[in-house]
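Asks: Pasting a structure here, questions to come.
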Amino acid sequence: MSIENATTRVSALAGKTGGFGSTLKFVFDEGIVYLDGTGEQTAVHNEDKAAQCTIGMKLSDFNDLLDGSLKPMTAFMTGKFKIEGDMGVAMKLQSLFS
């Protein structure tokens, strides 16, 4: 999966829900996927801006999360991603990605 594909997939998921009241970015070696959920709809782009929560991980693991073959709690407990900032924002992702 490319960063462009990841952005497209996240945009499609975000389009199904409203905003989530926070900002979050996923950081991969290949680039950034930034979610601005402070408006009525969640905006998704690749600009590297400050966010309330930052999640660093491999793009391949992110793809597995999106596909459902990797569960978020398993990924966190096995160190497949690291969270910096507001953990509560990361917890809001369950509603966005379910």
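Scheme for the structure tokens: letters A, B, ... for chains in order shown; per-chain residue numbers from 1; ligand numbers from 1 in order shown.
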Which residues come within 7 Å of stretch 14-27 of chain A, counting only C-alpha atoms, excluding same-chain residues fewer than 2 positions away, as a PyMOL selection string?

Replies: chain A and resi 10-12+29+31-42+51-57+89+96

Asks: Just want the 12 Å neighbourhood of A:Lys80, counted on only C-alpha atoms, with same-chain residues fewer than 3 positions away dropped. Output as a PDB file with C-alpha atoms, in the first residue's frame.

Replies:
ATOM      1  CA  PHE A  28       4.880   6.345   8.446  1.00  0.00           C
ATOM      2  CA  ILE A  55       0.606   7.479  16.016  1.00  0.00           C
ATOM      3  CA  GLY A  56       3.819   6.130  14.511  1.00  0.00           C
ATOM      4  CA  MET A  57       3.777   2.779  12.744  1.00  0.00           C
ATOM      5  CA  LYS A  58       4.665   0.851   9.602  1.00  0.00           C
ATOM      6  CA  LEU A  59       2.373   1.407   6.630  1.00  0.00           C
ATOM      7  CA  SER A  60       1.989  -2.368   6.203  1.00  0.00           C
ATOM      8  CA  ASP A  61       0.692  -2.677   9.782  1.00  0.00           C
ATOM      9  CA  PHE A  62      -1.712   0.207   9.166  1.00  0.00           C
ATOM     10  CA  ASP A  64      -3.570  -4.724   8.278  1.00  0.00           C
ATOM     11  CA  LEU A  65      -5.507  -2.580  10.789  1.00  0.00           C
ATOM     12  CA  LEU A  70      -4.653  -6.807  12.934  1.00  0.00           C
ATOM     13  CA  LYS A  71      -6.618  -5.709  15.992  1.00  0.00           C
ATOM     14  CA  PRO A  72      -5.712  -2.307  17.488  1.00  0.00           C
ATOM     15  CA  MET A  73      -5.154  -3.635  21.020  1.00  0.00           C
ATOM     16  CA  THR A  74      -2.939  -6.449  19.731  1.00  0.00           C
ATOM     17  CA  ALA A  75      -0.944  -3.973  17.649  1.00  0.00           C
ATOM     18  CA  PHE A  76      -0.463  -1.677  20.634  1.00  0.00           C
ATOM     19  CA  MET A  77       0.453  -4.449  23.077  1.00  0.00           C
ATOM     20  CA  ILE A  83       1.185   6.823  20.579  1.00  0.00           C
TER      21      ILE A  83
END

Asks: Just asking: which residues within chain A are helix (DSSP H, G or I) according to DSSP, as a PyMOL selection string?

Replies: chain A and resi 3-14+59-67+72-77+87-97

Asks: From a DSSP calculation on the backbone, collect every residue of chain A in strand (DSSP E) and output the set as a ChimeraX atom specification.

Replies: /A:23-28,31-36,43-45,53-57,81-85
